[in-house]
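J.: One structure, as structure tokens, below. Some questions next.
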Amino acid sequence: MQGKKIYQEKLFNDFRLSERVPEHNFYRRLRSSLDLEYLYTLTRDFYGDSGQKSIDPIVFFKLCLVGYLENITSDRKLVEHCGMRMDILYFLGYDIDEELPWHSTISRTRQLFPEDVFEAVFTKVFTLCVDAGMVSGHTQTVDSAPVKANASMDSLELKVPEEELESHLRKIRHISTMDKEKPFRKSKG
């Protein structure tokens, strides 16, 4: 007899991201390898003492890292991409039904920090990954493209990131500057 799957959303769910993201998943391993508590001290001087609470600096830099690893330069696309991936939500510390920060918040926060802060953070992240054994050898690549199962070992190619970190940050800052000068969305009066 032919089966038919009917989707009906549950009113209550017993769902935990930590149970759904496999132990060997890259972002799960990255989350357990990175201790980024030092970011609160590093970025404290760039924030005021009053007003609304900002995005958590750890979440911000994790989002920047995901953007770099996934080759996403648009903050809108980055937020959309992160919202669709359970492993990235787990890495960021967000639950499946939690709203991610607005793309414009990410753009404005990027304007807040000088370039040397970004360089220091990414150097520290790289060092932590090396210490955790996640990095070895002389060439590292990250590739999220699907590969056909019948791929021949003779046809494998060396893959390199599209661009260096410094040029990637420059491009992101340029996009953020354009957004700051002429925002995509106007605020209410």
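By order of appearance in the structure tokens: chains A, B, ..., then residues from 1 within every chain, and ligands from 1 in the order shown.
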If we count only C-alpha atoms and set the cut-off at 10 Å, which residues sit around A:Glu37, ignoring sequence neighbours fewer than 4 positions away in its own chain? Please answer as a PyMOL selection string.
T.: chain A and resi 41-42+57-58
J.: Quote the spacing between atom CA of A:Phe46 and atom CA of A:Cys82 in Å to one decimal place.
T.: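 Separation of atom CA of A:Phe46 and atom CA of A:Cys82: 25.9 Å.
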J.: Determine, counting only C-alpha atoms, which protein, DNA and RNA residues have an atom within 10 Å of an atom of stretch 23-31 of chain A; residues of the same chain fewer than 4 positions away are not included. Present the result as a PDB file with N, CA, C and O atoms, in the first residue's frame.
T.:
ATOM      1  N   SER A  18      21.492  20.417  20.376  1.00  0.00           N
ATOM      2  CA  SER A  18      22.679  19.661  20.786  1.00  0.00           C
ATOM      3  C   SER A  18      22.532  18.171  20.475  1.00  0.00           C
ATOM      4  O   SER A  18      23.535  17.485  20.273  1.00  0.00           O
ATOM      5  N   GLU A  19      21.296  17.678  20.416  1.00  0.00           N
ATOM      6  CA  GLU A  19      21.078  16.265  20.087  1.00  0.00           C
ATOM      7  C   GLU A  19      21.027  16.034  18.577  1.00  0.00           C
ATOM      8  O   GLU A  19      21.213  14.926  18.118  1.00  0.00           O
ATOM      9  N   ASP A  35      37.242  29.422  22.923  1.00  0.00           N
ATOM     10  CA  ASP A  35      36.858  30.123  24.143  1.00  0.00           C
ATOM     11  C   ASP A  35      37.026  31.610  23.845  1.00  0.00           C
ATOM     12  O   ASP A  35      38.148  32.128  23.845  1.00  0.00           O
ATOM     13  N   LEU A  36      35.932  32.277  23.575  1.00  0.00           N
ATOM     14  CA  LEU A  36      35.985  33.664  23.129  1.00  0.00           C
ATOM     15  C   LEU A  36      35.563  34.658  24.212  1.00  0.00           C
ATOM     16  O   LEU A  36      35.258  35.813  23.918  1.00  0.00           O
ATOM     17  N   LYS A  62      31.481  35.420  15.735  1.00  0.00           N
ATOM     18  CA  LYS A  62      31.149  34.098  15.201  1.00  0.00           C
ATOM     19  C   LYS A  62      30.423  34.243  13.859  1.00  0.00           C
ATOM     20  O   LYS A  62      30.665  33.475  12.930  1.00  0.00           O
ATOM     21  N   VAL A  66      31.606  32.734  10.300  1.00  0.00           N
ATOM     22  CA  VAL A  66      30.740  31.931   9.427  1.00  0.00           C
ATOM     23  C   VAL A  66      30.693  32.550   8.031  1.00  0.00           C
ATOM     24  O   VAL A  66      30.791  31.842   7.028  1.00  0.00           O
ATOM     25  N   MET A  86      21.062  24.210  11.188  1.00  0.00           N
ATOM     26  CA  MET A  86      21.030  23.873  12.607  1.00  0.00           C
ATOM     27  C   MET A  86      22.423  23.873  13.217  1.00  0.00           C
ATOM     28  O   MET A  86      22.601  24.291  14.360  1.00  0.00           O
ATOM     29  N   ASP A  87      23.434  23.407  12.478  1.00  0.00           N
ATOM     30  CA  ASP A  87      24.779  23.356  13.043  1.00  0.00           C
ATOM     31  C   ASP A  87      25.335  24.752  13.309  1.00  0.00           C
ATOM     32  O   ASP A  87      26.001  24.995  14.313  1.00  0.00           O
ATOM     33  N   ILE A  88      25.006  25.713  12.435  1.00  0.00           N
ATOM     34  CA  ILE A  88      25.478  27.084  12.629  1.00  0.00           C
ATOM     35  C   ILE A  88      24.713  27.746  13.775  1.00  0.00           C
ATOM     36  O   ILE A  88      25.299  28.471  14.589  1.00  0.00           O
ATOM     37  N   LEU A  89      23.413  27.490  13.873  1.00  0.00           N
ATOM     38  CA  LEU A  89      22.654  28.015  15.011  1.00  0.00           C
ATOM     39  C   LEU A  89      23.252  27.514  16.326  1.00  0.00           C
ATOM     40  O   LEU A  89      23.401  28.271  17.285  1.00  0.00           O
ATOM     41  N   TYR A  90      23.593  26.239  16.364  1.00  0.00           N
ATOM     42  CA  TYR A  90      24.209  25.662  17.569  1.00  0.00           C
ATOM     43  C   TYR A  90      25.552  26.329  17.853  1.00  0.00           C
ATOM     44  O   TYR A  90      25.863  26.671  18.999  1.00  0.00           O
ATOM     45  N   PHE A  91      26.346  26.558  16.817  1.00  0.00           N
ATOM     46  CA  PHE A  91      27.639  27.230  16.957  1.00  0.00           C
ATOM     47  C   PHE A  91      27.462  28.643  17.516  1.00  0.00           C
ATOM     48  O   PHE A  91      28.212  29.079  18.385  1.00  0.00           O
ATOM     49  N   LEU A  92      26.443  29.361  17.038  1.00  0.00           N
ATOM     50  CA  LEU A  92      26.203  30.731  17.476  1.00  0.00           C
ATOM     51  C   LEU A  92      25.593  30.816  18.873  1.00  0.00           C
ATOM     52  O   LEU A  92      25.617  31.863  19.501  1.00  0.00           O
ATOM     53  N   GLY A  93      25.025  29.701  19.344  1.00  0.00           N
ATOM     54  CA  GLY A  93      24.374  29.702  20.645  1.00  0.00           C
ATOM     55  C   GLY A  93      22.916  30.134  20.572  1.00  0.00           C
ATOM     56  O   GLY A  93      22.355  30.605  21.553  1.00  0.00           O
ATOM     57  N   VAL A 125      41.594  33.098  16.888  1.00  0.00           N
ATOM     58  CA  VAL A 125      40.739  31.971  16.492  1.00  0.00           C
ATOM     59  C   VAL A 125      41.559  30.914  15.765  1.00  0.00           C
ATOM     60  O   VAL A 125      41.438  29.712  16.033  1.00  0.00           O
ATOM     61  N   LEU A 128      43.683  29.057  18.293  1.00  0.00           N
ATOM     62  CA  LEU A 128      42.869  28.113  19.069  1.00  0.00           C
ATOM     63  C   LEU A 128      42.541  26.863  18.252  1.00  0.00           C
ATOM     64  O   LEU A 128      42.548  25.749  18.783  1.00  0.00           O
ATOM     65  N   CYS A 129      42.272  27.040  16.967  1.00  0.00           N
ATOM     66  CA  CYS A 129      41.972  25.889  16.098  1.00  0.00           C
ATOM     67  C   CYS A 129      43.208  25.016  15.901  1.00  0.00           C
ATOM     68  O   CYS A 129      43.102  23.782  15.893  1.00  0.00           O
ATOM     69  N   ALA A 132      43.732  23.042  19.040  1.00  0.00           N
ATOM     70  CA  ALA A 132      42.725  21.983  19.201  1.00  0.00           C
ATOM     71  C   ALA A 132      42.904  20.857  18.193  1.00  0.00           C
ATOM     72  O   ALA A 132      42.146  19.893  18.199  1.00  0.00           O
ATOM     73  N   MET A 134      42.521  21.109  14.935  1.00  0.00           N
ATOM     74  CA  MET A 134      41.602  21.235  13.799  1.00  0.00           C
ATOM     75  C   MET A 134      42.325  21.686  12.536  1.00  0.00           C
ATOM     76  O   MET A 134      41.759  21.638  11.451  1.00  0.00           O
TER      77      MET A 134
END
J.: For atom CA of A:Ser104 and atom CA of A:Val79, quote the distance in Å rounded to one decimal.
T.: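 The value is 10.3 Å.
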J.: Find the residues near stretch 114-121 of chain A: any atom within 12 Å, counting only C-alpha atoms, skip ones fewer than 2 places away on the same chain, and give them as a PyMOL selection string.
T.: chain A and resi 34-46+57-58+60-62+64-65+109-112+123-128+165-170+172-173
J.: Rounded to one decimal in Å, what is the spacing between atom CA of A:Glu164 and atom CA of A:Asp75?
T.: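 Rounded to one decimal, the two atoms are 18.6 Å apart.
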J.: With only C-alpha atoms as the counted atoms, please give the residues lying no more than 8 Å from A:Leu100, apart from itself and same-chain residues fewer than 2 positions off, as a list in words.
T.: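 In the requested format, the answer is Val79, Gly83, Tyr94, Glu98 and Trp102 of chain A.
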J.: Can I get the selected residues back with all heavy atoms, as a CSV table (one decimal), in the first residue's frame?
T.:
chain,number,residue,atom,x,y,z
A,79,VAL,N,22.6,36.2,7.5
A,79,VAL,CA,21.5,35.9,8.5
A,79,VAL,C,20.6,34.9,8.0
A,79,VAL,O,20.2,34.0,8.7
A,79,VAL,CB,20.8,37.2,8.9
A,79,VAL,CG1,19.6,37.0,9.7
A,79,VAL,CG2,21.8,38.2,9.6
A,83,GLY,N,20.1,31.1,9.6
A,83,GLY,CA,18.8,30.7,10.1
A,83,GLY,C,18.4,29.3,9.6
A,83,GLY,O,17.5,28.7,10.2
A,94,TYR,N,22.3,30.0,19.4
A,94,TYR,CA,20.9,30.3,19.2
A,94,TYR,C,20.1,29.1,19.1
A,94,TYR,O,20.5,28.0,18.6
A,94,TYR,CB,20.7,31.1,17.9
A,94,TYR,CG,21.0,32.6,18.1
A,94,TYR,CD1,22.3,33.1,18.2
A,94,TYR,CD2,20.0,33.5,18.2
A,94,TYR,CE1,22.6,34.4,18.4
A,94,TYR,CE2,20.2,34.9,18.4
A,94,TYR,CZ,21.6,35.3,18.5
A,94,TYR,OH,21.8,36.6,18.7
A,98,GLU,N,14.8,31.0,17.9
A,98,GLU,CA,15.3,32.4,18.3
A,98,GLU,C,15.6,33.2,17.1
A,98,GLU,O,16.1,32.7,16.1
A,98,GLU,CB,16.6,32.2,19.1
A,98,GLU,CG,16.4,32.4,20.6
A,98,GLU,CD,17.7,32.4,21.3
A,98,GLU,OE1,18.3,31.3,21.3
A,98,GLU,OE2,18.1,33.4,21.9
A,102,TRP,N,19.5,41.4,13.3
A,102,TRP,CA,19.2,42.0,12.0
A,102,TRP,C,20.5,42.2,11.3
A,102,TRP,O,21.6,42.5,11.8
A,102,TRP,CB,18.6,43.4,12.3
A,102,TRP,CG,17.1,43.3,12.5
A,102,TRP,CD1,16.5,42.7,13.5
A,102,TRP,CD2,16.1,43.8,11.6
A,102,TRP,NE1,15.1,42.8,13.4
A,102,TRP,CE2,14.9,43.5,12.2
A,102,TRP,CE3,16.1,44.5,10.4
A,102,TRP,CZ2,13.7,43.9,11.6
A,102,TRP,CZ3,14.9,44.9,9.9
A,102,TRP,CH2,13.7,44.6,10.5
J.: Identify all residues of stretch 2-108 of chain A in helix (DSSP H, G or I) (DSSP on the backbone) and supply them as a ChimeraX atom specification.
T.: /A:17-20,26-33,38-46,57-69,75-84,86-92,103-108
J.: Name the residues in contact with A:Thr73 at a cut-off of 8 Å, using only C-alpha atoms, excluding same-chain residues fewer than 4 positions from it; report them as a list in words.
T.: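 Selected residues are Gly67, Tyr68, Lys77, Leu78, His168, Lys171 and Ile172 of chain A.
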